[in-house]
Amino acid sequence: MLTIDRRIQNIVERVLDRHITRGAVVVLKPSTGEILAMASRPNFDANNLSEYLQMDTAPLLNRAICAYQPGSVFKLVIAAAALETKAVRPNDVFYDRGYIDVNNLLFKGWDYDRGGRGRITFTEAMAFSSNPVFIEVGLKLGATTVCQYAKQLGFGEPTNTGLGGEDPGNLPDPENLFSGDLANLAIGQGQLEATPLQIASLVATIVNDGIRVEPFIVSKLMKPDGTVIKQFPVSRGRRVLRRETASELRRMMEVVTRHGTGVAAYVEGVGSAGKTGSAETGKFDASGKSISHAWFAGYV
């Protein structure tokens with residue numbers, strides 16, 4: 001018996017068919033780690049597998065457990081480390097020039113052309129996904145601290161689902177990160193890779209007051225007559241962030257959908273919270289425009 005919720009799974013499948021050519025959606029129950037929905041596109045017909053093997057869109061790939069550069073959704077990890085170590089508070093003020101110089105390497109904000117946002121708080125930096133501010137914070141924390149918290153939050157290793165082919169992602173060794181590498185890591189670029197399932201688990205930990213519960217998809221094994229052979233108990237999880245840190249992160253994520261880059265994900269009358277991400281792939285389309293991985297991670 002799977003943890004999949006048929007109603008939620010149906011909604012996810014319909015939305016993907018309507019809007020997503022390539023991509024994945026994962027829905028978790030934060031308190032237990034149950035995977036309520038998981039789907040990948042493009043889809044395939046299991047009755048005619050041979051015809052899909054030649055397609056360059058890789059429809060047999062389960063993108064929910066494949067690793068990609070997460071882009072700015074990784075700023076949640078930077079913020080978690082900064083708040084947990086008390087290196088930064090939500091209302092601390094920074095100056096966003098639209099760029100930051102790191103040992104003669106210029107890192108631009110995604111909104112560089114508008115000339116920078118000037119004086120903004122750490123919460124506003126999250127809301128508007130300020131690269132310069134998060135790189136500054138990442139450099140202040142240092143590679144060891146950033147990677148330590150990323151590992152605690154589930155990066156660099158597969159989850160405990162037992163799904164075949166699950167990619168562990170890639171969390172770089174802090175000893176091999178120079179300042180430019182750390183700047184890239186702080187905004188979810190460079191060597192860092194994560195799966196949609198890992199990102200969903202990150203948000204679930206924040207929602208679950210800082211207690212990380214491993215995602216799982218099988219609740220029990222049964223005989224055809226319904227006799228239960230094995231029940232998989234729900235893990236109590238382990239605390240990886242202080243309750244106060246998780247609460248501060250949620251308040252920051254609420255500003256993202258209320259006033260920041262994630263306003264399209266705000267649900268009137270219900271509310272929502274989250275973080276957007278856009279990660280460059282190094283590839284370009286026919287018109288010369290950069291192709292990016294688009295992410296959204298959030299909760300309602």
# chains A, B, ... in the order shown; residues from 1 in each chain; ligands from 1
$ residues_around --residues "Pro90 in chain A" --least-positions-apart "4" --cutoff "8 Å" --atoms "only C-alpha atoms" --output "short mmCIF file (atom, residue, chain, number, x, y, z; two decimals) with C-alpha atoms, in the first residue's frame"
data_model
loop_
_atom_site.label_atom_id
_atom_site.label_comp_id
_atom_site.auth_asym_id
_atom_site.auth_seq_id
_atom_site.Cartn_x
_atom_site.Cartn_y
_atom_site.Cartn_z
CA LEU A 83 19.54 32.14 11.40
CA THR A 121 16.55 43.59 5.08
CA PHE A 122 17.47 39.92 5.03
CA THR A 123 13.75 39.10 4.76
CA GLU A 248 11.57 32.72 11.14
CA MET A 252 10.39 34.97 5.36
#
$ residues_around --residues "Ala81 in chain A" --least-positions-apart "5" --cutoff "8 Å" --atoms "only C-alpha atoms" --output "list of chain:residue names"
A:Leu141, A:Thr145, A:Val146, A:Tyr149
$ select_by_dssp --residues "range 168-240 of chain A" --states "helix (DSSP H, G or I)" --output "ChimeraX atom specification"
/A:174-176,179-186,196-207
$ closest_residue --among "A:Gln198, A:Gln189, A:Thr21, A:Thr261" --to "Ala150 in chain A" --atoms "only C-alpha atoms"
A:Gln198
$ residues_around --residues "range 202-218 of chain A" --least-positions-apart "6" --cutoff "6 Å" --atoms "only C-alpha atoms" --output "ChimeraX atom specification"
/A:1-3,30-31,33-35,161,237-243,246
$ write_last_selection --atoms "N, CA and C atoms" --output "short mmCIF file (atom, residue, chain, number, x, y, z; two decimals), in the first residue's frame"
data_model
loop_
_atom_site.label_atom_id
_atom_site.label_comp_id
_atom_site.auth_asym_id
_atom_site.auth_seq_id
_atom_site.Cartn_x
_atom_site.Cartn_y
_atom_site.Cartn_z
N MET A 1 0.85 -1.19 0.00
CA MET A 1 0.00 0.00 0.00
C MET A 1 0.89 1.24 0.00
N LEU A 2 0.64 2.10 -0.97
CA LEU A 2 1.44 3.31 -1.08
C LEU A 2 0.87 4.43 -0.22
N THR A 3 1.71 5.42 0.05
CA THR A 3 1.27 6.61 0.78
C THR A 3 0.57 7.60 -0.15
N PRO A 30 4.36 17.01 5.70
CA PRO A 30 5.56 17.35 6.48
C PRO A 30 5.72 16.63 7.81
N SER A 31 4.62 16.38 8.50
CA SER A 31 4.71 15.78 9.84
C SER A 31 5.12 14.32 9.83
N GLY A 33 6.33 12.66 6.55
CA GLY A 33 7.21 12.33 5.43
C GLY A 33 6.52 11.54 4.34
N GLU A 34 5.22 11.29 4.48
CA GLU A 34 4.48 10.54 3.46
C GLU A 34 4.48 11.29 2.13
N ILE A 35 4.81 10.58 1.04
CA ILE A 35 4.73 11.16 -0.29
C ILE A 35 3.29 11.03 -0.76
N THR A 161 13.59 6.39 0.59
CA THR A 161 12.38 5.86 -0.04
C THR A 161 12.57 4.45 -0.60
N GLY A 237 11.48 11.24 13.38
CA GLY A 237 12.38 12.25 12.83
C GLY A 237 13.41 12.71 13.82
N ARG A 238 14.21 13.67 13.39
CA ARG A 238 15.22 14.25 14.30
C ARG A 238 15.31 15.74 14.07
N ARG A 239 15.60 16.44 15.13
CA ARG A 239 15.66 17.90 15.04
C ARG A 239 16.96 18.33 14.38
N VAL A 240 16.84 19.13 13.32
CA VAL A 240 18.02 19.64 12.62
C VAL A 240 18.09 21.17 12.67
N LEU A 241 16.96 21.81 13.02
CA LEU A 241 16.90 23.26 13.19
C LEU A 241 16.10 23.58 14.44
N ARG A 242 16.45 24.68 15.10
CA ARG A 242 15.66 25.12 16.24
C ARG A 242 14.26 25.51 15.78
N ARG A 243 13.30 25.35 16.67
CA ARG A 243 11.92 25.74 16.37
C ARG A 243 11.85 27.21 15.94
N ALA A 246 13.01 27.69 12.30
CA ALA A 246 12.00 27.25 11.36
C ALA A 246 10.86 28.27 11.26
#
$ closest_residue --among "A:Ile20, A:Leu106, A:Val73, A:Ala194" --to "Gly274 in chain A" --atoms "only C-alpha atoms"
A:Val73
$ select_by_dssp --residues "range 62-272 of chain A" --states "strand (DSSP E)" --output "NGL selection string"
:A and (93-96 or 99-102 or 105-108 or 118-121 or 211-212 or 220-222 or 228-231 or 238-239)
$ atom_distance --atom1 "CA of Ala273 in chain A" --atom2 "CA of Met126 in chain A"
11.7 Å
$ residues_around --residues "Gly23 in chain A" --least-positions-apart "5" --cutoff "10 Å" --atoms "only C-alpha atoms" --output "list of chain:residue names"
A:Leu16, A:Ala39, A:Ser40, A:Arg41, A:Pro42, A:Asn62, A:Arg63, A:Ala64, A:Pro196, A:His293, A:Ala294, A:Trp295
$ closest_residue --among "A:Tyr266, A:Phe284, A:Phe232, A:Phe155" --to "Ile199 in chain A" --atoms "only C-alpha atoms"
A:Phe155
$ closest_residue --among "A:Leu177, A:Leu192, A:Ala186, A:Val270" --to "Ala67 in chain A" --atoms "only C-alpha atoms"
A:Leu192
$ closest_atom_pairs --of "range 115-227 of chain A" --to "range 254-260 of chain A" --cutoff "10 Å" --atoms "only C-alpha atoms" --output "CSV"
residue,atom,partner,partner_atom,distance
A:Thr123,CA,A:Val255,CA,7.6
A:Glu124,CA,A:Val255,CA,7.7
A:Ala125,CA,A:Gly260,CA,9.3
A:Met126,CA,A:Val256,CA,6.8
A:Ala127,CA,A:Val256,CA,4.1
A:Phe128,CA,A:Gly260,CA,5.1
A:Ser129,CA,A:Gly260,CA,8.0
$ residues_around --residues "Asp5 in chain A" --least-positions-apart "2" --cutoff "8 Å" --atoms "only C-alpha atoms" --output "NGL selection string"
:A and (3 or 7-9 or 36-37)
$ write_last_selection --atoms "C-alpha atoms" --output "PDB file, in the first residue's frame"
ATOM      1  CA  THR A   3       1.268   6.611   0.777  1.00  0.00           C
ATOM      2  CA  ARG A   7      -7.114  12.713  -5.184  1.00  0.00           C
ATOM      3  CA  ILE A   8      -3.942  14.781  -4.874  1.00  0.00           C
ATOM      4  CA  GLN A   9      -2.115  12.588  -7.395  1.00  0.00           C
ATOM      5  CA  LEU A  36       1.170  12.164  -1.174  1.00  0.00           C
ATOM      6  CA  ALA A  37       1.866  12.733  -4.865  1.00  0.00           C
TER       7      ALA A  37
END
$ residues_around --residues "Asp111 in chain A" --least-positions-apart "6" --cutoff "10 Å" --atoms "only C-alpha atoms" --output "list in words"
Gly98, Tyr99, Arg117, Phe128, Ser129, Ser130 and Asn131 of chain A
$ residues_around --residues "Met222 in chain A" --least-positions-apart "6" --cutoff "10 Å" --atoms "only C-alpha atoms" --output "ChimeraX atom specification"
/A:1,228-231
$ write_last_selection --atoms "C-alpha atoms" --output "short mmCIF file (atom, residue, chain, number, x, y, z; two decimals), in the first residue's frame"
data_model
loop_
_atom_site.label_atom_id
_atom_site.label_comp_id
_atom_site.auth_asym_id
_atom_site.auth_seq_id
_atom_site.Cartn_x
_atom_site.Cartn_y
_atom_site.Cartn_z
CA MET A 1 0.00 0.00 0.00
CA VAL A 228 -0.92 -7.08 6.78
CA ILE A 229 2.53 -8.67 6.47
CA LYS A 230 4.51 -5.61 7.46
CA GLN A 231 3.60 -2.13 8.64
#
$ closest_residue --among "A:Ala87, A:Ile11, A:Leu171, A:Leu221" --to "Val137 in chain A" --atoms "only C-alpha atoms"
A:Ala87
$ atom_distance --atom1 "CA of Tyr95 in chain A" --atom2 "CA of Ser272 in chain A"
27.8 Å
$ decode --residues "range 230-276 of chain A" --atoms "N, CA and C atoms" --output "mmCIF file, in the first residue's frame"
data_model
loop_
_atom_site.group_PDB
_atom_site.id
_atom_site.type_symbol
_atom_site.label_atom_id
_atom_site.label_comp_id
_atom_site.auth_asym_id
_atom_site.auth_seq_id
_atom_site.Cartn_x
_atom_site.Cartn_y
_atom_site.Cartn_z
ATOM 1 N N LYS A 230 3.580 -6.531 6.811
ATOM 2 C CA LYS A 230 4.507 -5.612 7.464
ATOM 3 C C LYS A 230 3.968 -4.193 7.415
ATOM 4 N N GLN A 231 4.009 -3.526 8.553
ATOM 5 C CA GLN A 231 3.599 -2.126 8.645
ATOM 6 C C GLN A 231 4.871 -1.296 8.819
ATOM 7 N N PHE A 232 5.004 -0.244 8.001
ATOM 8 C CA PHE A 232 6.178 0.620 8.128
ATOM 9 C C PHE A 232 5.835 1.790 9.045
ATOM 10 N N PRO A 233 6.417 1.814 10.233
ATOM 11 C CA PRO A 233 6.061 2.868 11.188
ATOM 12 C C PRO A 233 6.545 4.243 10.726
ATOM 13 N N VAL A 234 5.783 5.261 11.097
ATOM 14 C CA VAL A 234 6.174 6.636 10.778
ATOM 15 C C VAL A 234 7.332 7.035 11.685
ATOM 16 N N SER A 235 8.389 7.548 11.083
ATOM 17 C CA SER A 235 9.559 7.968 11.864
ATOM 18 C C SER A 235 9.233 9.207 12.696
ATOM 19 N N ARG A 236 9.783 9.282 13.886
ATOM 20 C CA ARG A 236 9.611 10.476 14.715
ATOM 21 C C ARG A 236 10.507 11.598 14.228
ATOM 22 N N GLY A 237 11.477 11.241 13.377
ATOM 23 C CA GLY A 237 12.378 12.246 12.825
ATOM 24 C C GLY A 237 13.414 12.714 13.820
ATOM 25 N N ARG A 238 14.210 13.674 13.391
ATOM 26 C CA ARG A 238 15.222 14.245 14.297
ATOM 27 C C ARG A 238 15.311 15.740 14.073
ATOM 28 N N ARG A 239 15.595 16.438 15.131
ATOM 29 C CA ARG A 239 15.659 17.898 15.043
ATOM 30 C C ARG A 239 16.965 18.331 14.380
ATOM 31 N N VAL A 240 16.839 19.125 13.318
ATOM 32 C CA VAL A 240 18.024 19.640 12.623
ATOM 33 C C VAL A 240 18.087 21.168 12.668
ATOM 34 N N LEU A 241 16.957 21.805 13.023
ATOM 35 C CA LEU A 241 16.901 23.258 13.193
ATOM 36 C C LEU A 241 16.100 23.580 14.444
ATOM 37 N N ARG A 242 16.453 24.677 15.097
ATOM 38 C CA ARG A 242 15.663 25.120 16.243
ATOM 39 C C ARG A 242 14.260 25.506 15.781
ATOM 40 N N ARG A 243 13.295 25.351 16.667
ATOM 41 C CA ARG A 243 11.917 25.742 16.367
ATOM 42 C C ARG A 243 11.845 27.209 15.941
ATOM 43 N N GLU A 244 12.635 28.058 16.633
ATOM 44 C CA GLU A 244 12.625 29.495 16.331
ATOM 45 C C GLU A 244 13.140 29.767 14.918
ATOM 46 N N THR A 245 14.168 29.021 14.519
ATOM 47 C CA THR A 245 14.727 29.187 13.176
ATOM 48 C C THR A 245 13.695 28.829 12.128
ATOM 49 N N ALA A 246 13.015 27.688 12.304
ATOM 50 C CA ALA A 246 11.996 27.252 11.356
ATOM 51 C C ALA A 246 10.862 28.273 11.257
ATOM 52 N N SER A 247 10.472 28.833 12.398
ATOM 53 C CA SER A 247 9.404 29.835 12.418
ATOM 54 C C SER A 247 9.817 31.095 11.657
ATOM 55 N N GLU A 248 11.061 31.539 11.855
ATOM 56 C CA GLU A 248 11.565 32.718 11.137
ATOM 57 C C GLU A 248 11.635 32.465 9.638
ATOM 58 N N LEU A 249 12.055 31.266 9.269
ATOM 59 C CA LEU A 249 12.116 30.915 7.844
ATOM 60 C C LEU A 249 10.728 30.941 7.214
ATOM 61 N N ARG A 250 9.735 30.428 7.922
ATOM 62 C CA ARG A 250 8.371 30.426 7.386
ATOM 63 C C ARG A 250 7.861 31.847 7.169
ATOM 64 N N ARG A 251 8.165 32.734 8.119
ATOM 65 C CA ARG A 251 7.731 34.132 7.968
ATOM 66 C C ARG A 251 8.400 34.770 6.751
ATOM 67 N N MET A 252 9.682 34.441 6.529
ATOM 68 C CA MET A 252 10.388 34.970 5.364
ATOM 69 C C MET A 252 9.789 34.418 4.070
ATOM 70 N N MET A 253 9.428 33.137 4.079
ATOM 71 C CA MET A 253 8.844 32.506 2.890
ATOM 72 C C MET A 253 7.450 33.059 2.582
ATOM 73 N N GLU A 254 6.748 33.493 3.631
ATOM 74 C CA GLU A 254 5.429 34.097 3.418
ATOM 75 C C GLU A 254 5.533 35.415 2.664
ATOM 76 N N VAL A 255 6.607 36.147 2.902
ATOM 77 C CA VAL A 255 6.809 37.432 2.218
ATOM 78 C C VAL A 255 7.123 37.203 0.737
ATOM 79 N N VAL A 256 7.760 36.064 0.417
ATOM 80 C CA VAL A 256 8.083 35.734 -0.977
ATOM 81 C C VAL A 256 6.817 35.674 -1.826
ATOM 82 N N THR A 257 5.781 34.996 -1.322
ATOM 83 C CA THR A 257 4.551 34.831 -2.108
ATOM 84 C C THR A 257 3.594 36.014 -1.952
ATOM 85 N N ARG A 258 3.786 36.780 -0.908
ATOM 86 C CA ARG A 258 2.906 37.936 -0.672
ATOM 87 C C ARG A 258 3.372 39.160 -1.459
ATOM 88 N N HIS A 259 4.701 39.360 -1.490
ATOM 89 C CA HIS A 259 5.206 40.595 -2.098
ATOM 90 C C HIS A 259 6.395 40.393 -3.036
ATOM 91 N N GLY A 260 6.967 39.187 -3.065
ATOM 92 C CA GLY A 260 8.229 38.991 -3.777
ATOM 93 C C GLY A 260 8.114 38.255 -5.097
ATOM 94 N N THR A 261 9.126 37.428 -5.377
ATOM 95 C CA THR A 261 9.212 36.743 -6.672
ATOM 96 C C THR A 261 8.166 35.642 -6.841
ATOM 97 N N GLY A 262 7.500 35.247 -5.743
ATOM 98 C CA GLY A 262 6.556 34.135 -5.818
ATOM 99 C C GLY A 262 5.092 34.527 -5.730
ATOM 100 N N VAL A 263 4.756 35.783 -6.096
ATOM 101 C CA VAL A 263 3.361 36.232 -5.938
ATOM 102 C C VAL A 263 2.386 35.395 -6.767
ATOM 103 N N ALA A 264 2.845 34.802 -7.867
ATOM 104 C CA ALA A 264 1.957 33.971 -8.688
ATOM 105 C C ALA A 264 1.493 32.729 -7.934
ATOM 106 N N ALA A 265 2.193 32.373 -6.853
ATOM 107 C CA ALA A 265 1.831 31.182 -6.075
ATOM 108 C C ALA A 265 0.993 31.518 -4.848
ATOM 109 N N TYR A 266 0.618 32.800 -4.693
ATOM 110 C CA TYR A 266 -0.200 33.144 -3.534
ATOM 111 C C TYR A 266 -1.631 32.665 -3.741
ATOM 112 N N VAL A 267 -2.197 32.055 -2.707
ATOM 113 C CA VAL A 267 -3.568 31.524 -2.786
ATOM 114 C C VAL A 267 -4.479 32.425 -1.959
ATOM 115 N N GLU A 268 -5.351 33.159 -2.641
ATOM 116 C CA GLU A 268 -6.257 34.076 -1.952
ATOM 117 C C GLU A 268 -7.160 33.318 -0.978
ATOM 118 N N GLY A 269 -7.305 33.872 0.208
ATOM 119 C CA GLY A 269 -8.188 33.289 1.206
ATOM 120 C C GLY A 269 -7.575 32.147 1.991
ATOM 121 N N VAL A 270 -6.496 31.588 1.478
ATOM 122 C CA VAL A 270 -5.824 30.462 2.140
ATOM 123 C C VAL A 270 -4.410 30.841 2.537
ATOM 124 N N GLY A 271 -3.736 31.549 1.630
ATOM 125 C CA GLY A 271 -2.344 31.914 1.868
ATOM 126 C C GLY A 271 -1.406 30.834 1.374
ATOM 127 N N SER A 272 -0.143 31.153 1.304
ATOM 128 C CA SER A 272 0.893 30.199 0.903
ATOM 129 C C SER A 272 2.242 30.809 1.237
ATOM 130 N N ALA A 273 3.282 30.006 1.082
ATOM 131 C CA ALA A 273 4.642 30.494 1.320
ATOM 132 C C ALA A 273 5.584 29.654 0.474
ATOM 133 N N GLY A 274 6.749 30.198 0.157
ATOM 134 C CA GLY A 274 7.666 29.403 -0.659
ATOM 135 C C GLY A 274 8.901 30.138 -1.095
ATOM 136 N N LYS A 275 9.567 29.559 -2.081
ATOM 137 C CA LYS A 275 10.774 30.156 -2.644
ATOM 138 C C LYS A 275 10.876 29.768 -4.110
ATOM 139 N N THR A 276 11.185 30.760 -4.930
ATOM 140 C CA THR A 276 11.391 30.527 -6.356
ATOM 141 C C THR A 276 12.863 30.228 -6.618
#
